[in-house]
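Peer 1: Sharing coords_14.csv, CSV, C-alpha atoms:
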chain,number,residue,atom,x,y,z
A,1,MET,CA,47.0,34.5,37.3
A,2,THR,CA,43.9,35.8,35.6
A,3,LYS,CA,44.3,33.0,33.1
A,4,LEU,CA,44.4,30.4,35.8
A,5,THR,CA,41.3,31.9,37.6
A,6,ARG,CA,39.5,31.9,34.4
A,7,LYS,CA,40.4,28.3,33.8
A,8,ILE,CA,39.3,27.3,37.3
A,9,ALA,CA,36.1,29.3,36.8
A,10,LEU,CA,35.4,27.6,33.5
A,11,GLY,CA,36.2,24.2,34.9
A,12,SER,CA,33.9,24.6,37.8
A,13,ALA,CA,31.2,25.9,35.6
A,14,ALA,CA,31.6,22.9,33.4
A,15,ALA,CA,31.5,20.6,36.4
A,16,ALA,CA,28.4,22.3,37.7
A,17,LEU,CA,26.7,22.0,34.4
A,18,ALA,CA,27.6,18.3,34.3
A,19,VAL,CA,26.3,17.8,37.8
A,20,THR,CA,23.0,19.6,37.1
A,21,GLY,CA,22.8,17.8,33.7
A,22,LEU,CA,23.1,14.4,35.5
A,23,ALA,CA,20.7,15.4,38.2
A,24,GLY,CA,18.3,16.6,35.5
A,25,ALA,CA,18.5,13.3,33.6
A,26,ALA,CA,18.0,11.3,36.8
A,27,TRP,CA,15.1,13.5,37.8
A,28,ALA,CA,13.4,13.3,34.4
A,29,GLN,CA,11.3,10.2,35.1
A,30,ARG,CA,7.8,9.2,34.3
A,31,ASP,CA,5.0,10.7,36.3
A,32,PRO,CA,3.7,8.0,38.7
A,33,ALA,CA,0.2,8.2,37.2
A,34,TYR,CA,1.7,7.7,33.7
A,35,GLU,CA,3.9,4.8,34.8
A,36,ALA,CA,0.9,3.1,36.4
A,37,ALA,CA,-1.3,3.6,33.3
A,38,ARG,CA,1.5,2.1,31.2
A,39,SER,CA,2.2,-0.9,33.3
A,40,SER,CA,-1.6,-1.7,33.8
A,41,GLY,CA,-2.0,-1.5,30.0
A,42,GLN,CA,-4.5,1.4,30.0
A,43,VAL,CA,-2.2,3.3,27.6
A,44,GLY,CA,0.0,2.0,24.9
A,45,GLU,CA,2.6,3.0,22.4
A,46,LYS,CA,1.1,3.7,18.9
A,47,MET,CA,2.9,3.2,15.6
A,48,ASP,CA,2.9,6.9,14.9
A,49,GLY,CA,5.0,7.7,17.9
A,50,TYR,CA,2.3,8.9,20.2
A,51,LEU,CA,0.5,7.4,23.2
A,52,GLY,CA,-3.0,5.9,22.8
A,53,ILE,CA,-5.7,4.8,25.2
A,54,VAL,CA,-6.2,1.1,25.0
A,55,GLY,CA,-9.4,0.4,26.9
A,56,ALA,CA,-12.2,2.6,28.1
A,57,GLU,CA,-11.5,6.3,27.8
A,58,THR,CA,-11.8,8.3,31.0
A,59,THR,CA,-11.3,12.0,31.3
A,60,GLU,CA,-8.3,11.4,33.5
A,61,LEU,CA,-6.6,9.1,30.9
A,62,LYS,CA,-7.5,11.5,28.1
A,63,ARG,CA,-5.9,14.4,30.0
A,64,LEU,CA,-2.8,12.3,30.7
A,65,VAL,CA,-2.4,11.1,27.1
A,66,ASN,CA,-3.0,14.5,25.6
A,67,ASP,CA,-0.6,16.1,27.9
A,68,ILE,CA,2.2,13.7,27.0
A,69,ASN,CA,1.4,13.7,23.3
A,70,ILE,CA,1.5,17.5,23.1
A,71,LYS,CA,5.0,17.4,24.7
A,72,ARG,CA,6.1,14.6,22.4
A,73,ARG,CA,4.9,16.5,19.3
A,74,ALA,CA,6.8,19.6,20.3
A,75,VAL,CA,10.0,17.5,20.8
A,76,TYR,CA,9.4,15.7,17.5
A,77,ALA,CA,8.9,18.9,15.6
A,78,GLU,CA,12.1,20.5,17.0
A,79,LYS,CA,14.2,17.3,16.4
A,80,ALA,CA,12.7,16.7,12.9
A,81,GLN,CA,13.7,20.2,11.8
A,82,ALA,CA,17.2,19.7,13.1
A,83,ALA,CA,17.5,16.4,11.3
A,84,ASN,CA,16.0,17.7,8.1
A,85,ALA,CA,13.1,15.4,8.3
A,86,THR,CA,9.3,15.9,8.4
A,87,LEU,CA,7.4,15.6,11.6
A,88,GLU,CA,5.7,12.4,10.4
A,89,GLU,CA,9.0,10.8,9.5
A,90,TYR,CA,10.5,11.6,12.8
A,91,SER,CA,7.5,10.6,14.9
A,92,LEU,CA,7.2,7.3,13.0
A,93,THR,CA,10.8,6.5,13.7
A,94,ALA,CA,10.3,7.4,17.4
A,95,GLY,CA,7.3,5.1,17.4
A,96,CYS,CA,9.4,2.2,16.1
A,97,ILE,CA,11.9,2.8,18.9
A,98,ALA,CA,9.3,3.5,21.6
A,99,ILE,CA,7.5,0.2,20.7
A,100,SER,CA,10.8,-1.8,20.8
A,101,ARG,CA,11.5,-0.2,24.3
A,102,THR,CA,8.2,-1.4,25.8
A,103,THR,CA,8.6,-3.8,28.7
A,104,PRO,CA,6.7,-7.1,29.1
A,105,GLY,CA,3.1,-6.4,30.1
A,106,GLU,CA,2.9,-3.0,28.4
A,107,LYS,CA,0.7,-2.4,25.4
A,108,TYR,CA,1.7,-1.4,21.9
A,109,GLN,CA,0.1,-1.1,18.5
A,110,ALA,CA,0.9,-3.8,15.9
A,111,PRO,CA,1.1,-3.0,12.2
A,112,ASP,CA,-2.5,-4.2,11.7
A,113,GLY,CA,-3.6,-1.5,14.1
A,114,SER,CA,-4.6,-3.8,17.0
A,115,TRP,CA,-3.3,-3.5,20.5
A,116,LYS,CA,-0.8,-6.1,21.6
A,117,THR,CA,0.6,-6.9,25.0
A,118,ARG,CA,4.4,-6.9,24.9
A,119,SER,CA,5.9,-10.3,25.8
A,120,SER,CA,9.6,-11.2,26.2
A,121,ALA,CA,9.6,-11.7,22.4
A,122,PRO,CA,10.3,-8.8,20.1
A,123,PRO,CA,7.3,-6.7,19.3
A,124,GLU,CA,5.5,-6.8,15.9
A,125,ARG,CA,6.6,-3.6,14.2
A,126,ASP,CA,6.2,-1.8,10.9
A,127,ALA,CA,8.3,-3.2,8.1
A,128,ARG,CA,10.2,0.1,7.8
A,129,CYS,CA,11.3,0.0,11.5
A,130,PRO,CA,15.1,-0.4,11.9
B,1,MET,CA,-83.9,-23.1,4.7
B,2,THR,CA,-80.7,-24.4,6.0
B,3,GLY,CA,-80.7,-27.1,3.2
B,4,TRP,CA,-81.3,-24.4,0.7
B,5,GLN,CA,-78.5,-22.4,1.9
B,6,LEU,CA,-76.3,-25.4,2.2
B,7,THR,CA,-77.0,-26.5,-1.4
B,8,LEU,CA,-76.6,-23.0,-2.5
B,9,ARG,CA,-73.4,-22.7,-0.7
B,10,ARG,CA,-72.2,-26.1,-1.9
B,11,ALA,CA,-73.0,-25.2,-5.4
B,12,ALA,CA,-71.3,-21.9,-5.0
B,13,ALA,CA,-68.4,-23.5,-3.3
B,14,THR,CA,-67.8,-26.1,-5.9
B,15,SER,CA,-67.9,-23.7,-8.7
B,16,HIS,CA,-65.8,-21.3,-6.7
B,17,SER,CA,-63.4,-24.0,-5.8
B,18,MET,CA,-63.1,-25.2,-9.3
B,19,ASN,CA,-62.5,-21.6,-10.3
B,20,GLY,CA,-60.1,-21.3,-7.4
B,21,MET,CA,-58.2,-24.4,-8.4
B,22,GLY,CA,-57.9,-23.2,-11.9
B,23,GLN,CA,-56.7,-19.9,-10.5
B,24,SER,CA,-54.4,-21.4,-8.0
B,25,ARG,CA,-52.7,-23.6,-10.6
B,26,TRP,CA,-52.3,-20.5,-12.7
B,27,SER,CA,-50.9,-18.5,-9.8
B,28,ALA,CA,-48.6,-21.3,-8.9
B,29,GLY,CA,-47.3,-21.2,-12.4
B,30,ARG,CA,-46.9,-17.5,-12.1
B,31,GLY,CA,-45.2,-18.0,-8.7
B,32,THR,CA,-42.6,-20.4,-10.1
B,33,CYS,CA,-42.1,-18.0,-12.9
B,34,ARG,CA,-41.5,-15.2,-10.5
B,35,LEU,CA,-39.2,-17.3,-8.4
B,36,LEU,CA,-37.3,-18.4,-11.4
B,37,MET,CA,-36.9,-14.7,-12.4
B,38,LEU,CA,-35.8,-13.8,-8.9
B,39,VAL,CA,-33.2,-16.6,-8.9
B,40,ALA,CA,-32.0,-15.7,-12.3
B,41,GLY,CA,-31.8,-12.1,-11.2
B,42,MET,CA,-29.9,-13.0,-8.1
B,43,ALA,CA,-27.6,-15.3,-10.1
B,44,MET,CA,-27.0,-12.4,-12.4
B,45,LEU,CA,-26.3,-10.1,-9.5
B,46,GLY,CA,-24.0,-12.7,-8.1
B,47,GLY,CA,-22.2,-12.8,-11.4
B,48,CYS,CA,-21.9,-9.1,-11.7
B,49,VAL,CA,-21.1,-7.9,-8.2
B,50,SER,CA,-18.5,-10.2,-6.5
B,51,VAL,CA,-17.0,-9.0,-3.3
B,52,ASN,CA,-14.0,-11.0,-2.2
B,53,ALA,CA,-12.4,-10.8,1.2
B,54,PRO,CA,-8.7,-10.1,1.1
B,55,ASP,CA,-6.5,-13.2,1.7
B,56,GLY,CA,-4.0,-11.6,4.0
B,57,PRO,CA,-4.7,-9.4,7.1
B,58,ILE,CA,-5.6,-5.8,6.4
B,59,VAL,CA,-2.5,-3.7,7.1
B,60,ILE,CA,-2.9,-0.1,7.8
B,61,GLU,CA,-0.1,1.6,5.9
B,62,LEU,CA,0.9,4.4,8.1
B,63,ASN,CA,2.0,7.2,5.8
B,64,ILE,CA,3.1,5.3,2.8
B,65,ASN,CA,5.4,8.1,1.7
B,66,ILE,CA,7.8,7.5,4.5
B,67,ARG,CA,10.6,5.2,3.2
B,68,SER,CA,12.6,2.8,5.4
B,69,GLU,CA,15.8,4.6,4.5
B,70,VAL,CA,14.6,7.8,6.2
B,71,VAL,CA,13.5,5.8,9.2
B,72,TYR,CA,17.0,4.2,9.4
B,73,ARG,CA,18.7,7.5,9.1
B,74,LEU,CA,16.6,9.0,11.9
B,75,ALA,CA,16.8,5.9,14.2
B,76,ASN,CA,19.8,7.0,16.3
B,77,ASP,CA,18.6,10.6,16.6
B,78,ALA,CA,15.1,9.4,17.7
B,79,SER,CA,16.6,7.0,20.2
B,80,GLU,CA,18.6,9.7,21.8
B,81,THR,CA,15.6,11.9,21.9
B,82,ILE,CA,13.6,9.3,23.8
B,83,GLU,CA,16.4,8.8,26.3
B,84,ASP,CA,16.7,12.6,26.8
B,85,ASN,CA,13.0,12.9,27.4
B,86,ALA,CA,12.4,9.9,29.6
B,87,ASP,CA,9.6,11.7,31.4
B,88,ILE,CA,7.3,11.7,28.4
B,89,PHE,CA,8.3,8.3,26.8
Let me see whether you can do it: turn the structure in this file into structure tokens.
Peer 2:
Amino acid sequence: MTKLTRKIALGSAAAALAVTGLAGAAWAQRDPAYEAARSSGQVGEKMDGYLGIVGAETTELKRLVNDINIKRRAVYAEKAQAANATLEEYSLTAGCIAISRTTPGEKYQAPDGSWKTRSSAPPERDARCP
Amino acid sequence: MTGWQLTLRRAAATSHSMNGMGQSRWSAGRGTCRLLMLVAGMAMLGGCVSVNAPDGPIVIELNINIRSEVVYRLANDASETIEDNADIF
């Protein structure tokens, strides 16, 4: 009996975790201001795995980009340590993937350092990108 | 009075112009010499310091120490990270 209740409790806990996990994943979307800045080409994905300001820098854009880059750096640092890699190695890899995930109209940094607008064609990436 | 002055001036002018002509010829010679020296100097400079533009586009090598093998190894992990943190990517 106790075994069964424990099982039920465990099962329900797992189910609850799965549900909250799903809800969390679904909820974790881009901030509308960030989404707008991306799609309008005000910010772009840099090669080094961080966001960059493409055109004129405004305090609003700087705040938005810095905020996201600080969060990204924290994630990179944690994941790099777990994967036995350096922060730079991990962030460059993430940059490769973030650039390949850009959608047409969004900006990204090409290997020569210039900003490019993503088209339906594959983006120009660093030779080391997978 | 004016005639005097004119003659005097003419005389002075002729001698002066003669003198001047001689000088100008000399200075022209000096000028060419200087010009030649300058050209020679520039030619020498051109021979010594040659700045060539690179043929291909300048590529910023972002952290040369990172090898593609490492990037390949981390690719899946980084991909998952981006998916898990959709709000900041």
Peer 1: Skipping near chain neighbours, those fewer than 6 positions away, what residues fall within 8 Å of segment 95-105 of chain A using all atoms listed in the file, listed as an mmCIF file with C-alpha atoms, in the frame of the given file?
Peer 2:
data_model
loop_
_atom_site.group_PDB
_atom_site.id
_atom_site.type_symbol
_atom_site.label_atom_id
_atom_site.label_comp_id
_atom_site.auth_asym_id
_atom_site.auth_seq_id
_atom_site.Cartn_x
_atom_site.Cartn_y
_atom_site.Cartn_z
ATOM 1 C CA SER A 39 2.200 -0.900 33.300
ATOM 2 C CA SER A 40 -1.600 -1.700 33.800
ATOM 3 C CA GLY A 41 -2.000 -1.500 30.000
ATOM 4 C CA GLU A 45 2.600 3.000 22.400
ATOM 5 C CA LYS A 46 1.100 3.700 18.900
ATOM 6 C CA MET A 47 2.900 3.200 15.600
ATOM 7 C CA ASP A 48 2.900 6.900 14.900
ATOM 8 C CA GLY A 49 5.000 7.700 17.900
ATOM 9 C CA TYR A 50 2.300 8.900 20.200
ATOM 10 C CA THR A 117 0.600 -6.900 25.000
ATOM 11 C CA ARG A 118 4.400 -6.900 24.900
ATOM 12 C CA SER A 119 5.900 -10.300 25.800
ATOM 13 C CA SER A 120 9.600 -11.200 26.200
ATOM 14 C CA PRO A 122 10.300 -8.800 20.100
ATOM 15 C CA PRO A 123 7.300 -6.700 19.300
ATOM 16 C CA ARG A 125 6.600 -3.600 14.200
ATOM 17 C CA ASP A 126 6.200 -1.800 10.900
ATOM 18 C CA CYS A 129 11.300 0.000 11.500
ATOM 19 C CA PRO A 130 15.100 -0.400 11.900
ATOM 20 C CA ALA B 75 16.800 5.900 14.200
ATOM 21 C CA ALA B 78 15.100 9.400 17.700
ATOM 22 C CA SER B 79 16.600 7.000 20.200
ATOM 23 C CA ILE B 82 13.600 9.300 23.800
ATOM 24 C CA PHE B 89 8.300 8.300 26.800
#
Peer 1: Write out as a PyMOL selection string every residue belonging to chain A that has an atom at most 9 Å from any atom of chain B, counting all atoms listed in the file.
Peer 2: chain A and resi 25+27-31+34+45+47-48+50-51+68-69+71-72+75-76+79-80+83+85+88-98+111-113+126-130
Peer 1: What is the atom CA of Gly44 of chain A-atom CA of Ala74 of chain A distance in Å, reported with one decimal?
Peer 2: 19.4 Å
Peer 1: Around all the atoms of segment 58-70 of chain A listed in the file, with 6 Å of room on each side, what axis-aligned box do you get, giving centre and edge lengths in Å to one decimal, as AutoDock Vina command-line options?
Peer 2:
--center_x -4.8 --center_y 12.9 --center_z 28.3 --size_x 26.0 --size_y 21.2 --size_z 22.4
Peer 1: Quote the spacing between atom CA of Ser114 of chain A and atom CA of Gln42 of chain A in Å to one decimal place.
Peer 2: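 So the answer is 14.0 Å.
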Peer 1: State, in Å with one decimal place, the distance from atom CA of Ala37 of chain A to atom CA of Glu57 of chain A.
Peer 2: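 Separation of atom CA of Ala37 of chain A and atom CA of Glu57 of chain A: 11.9 Å.
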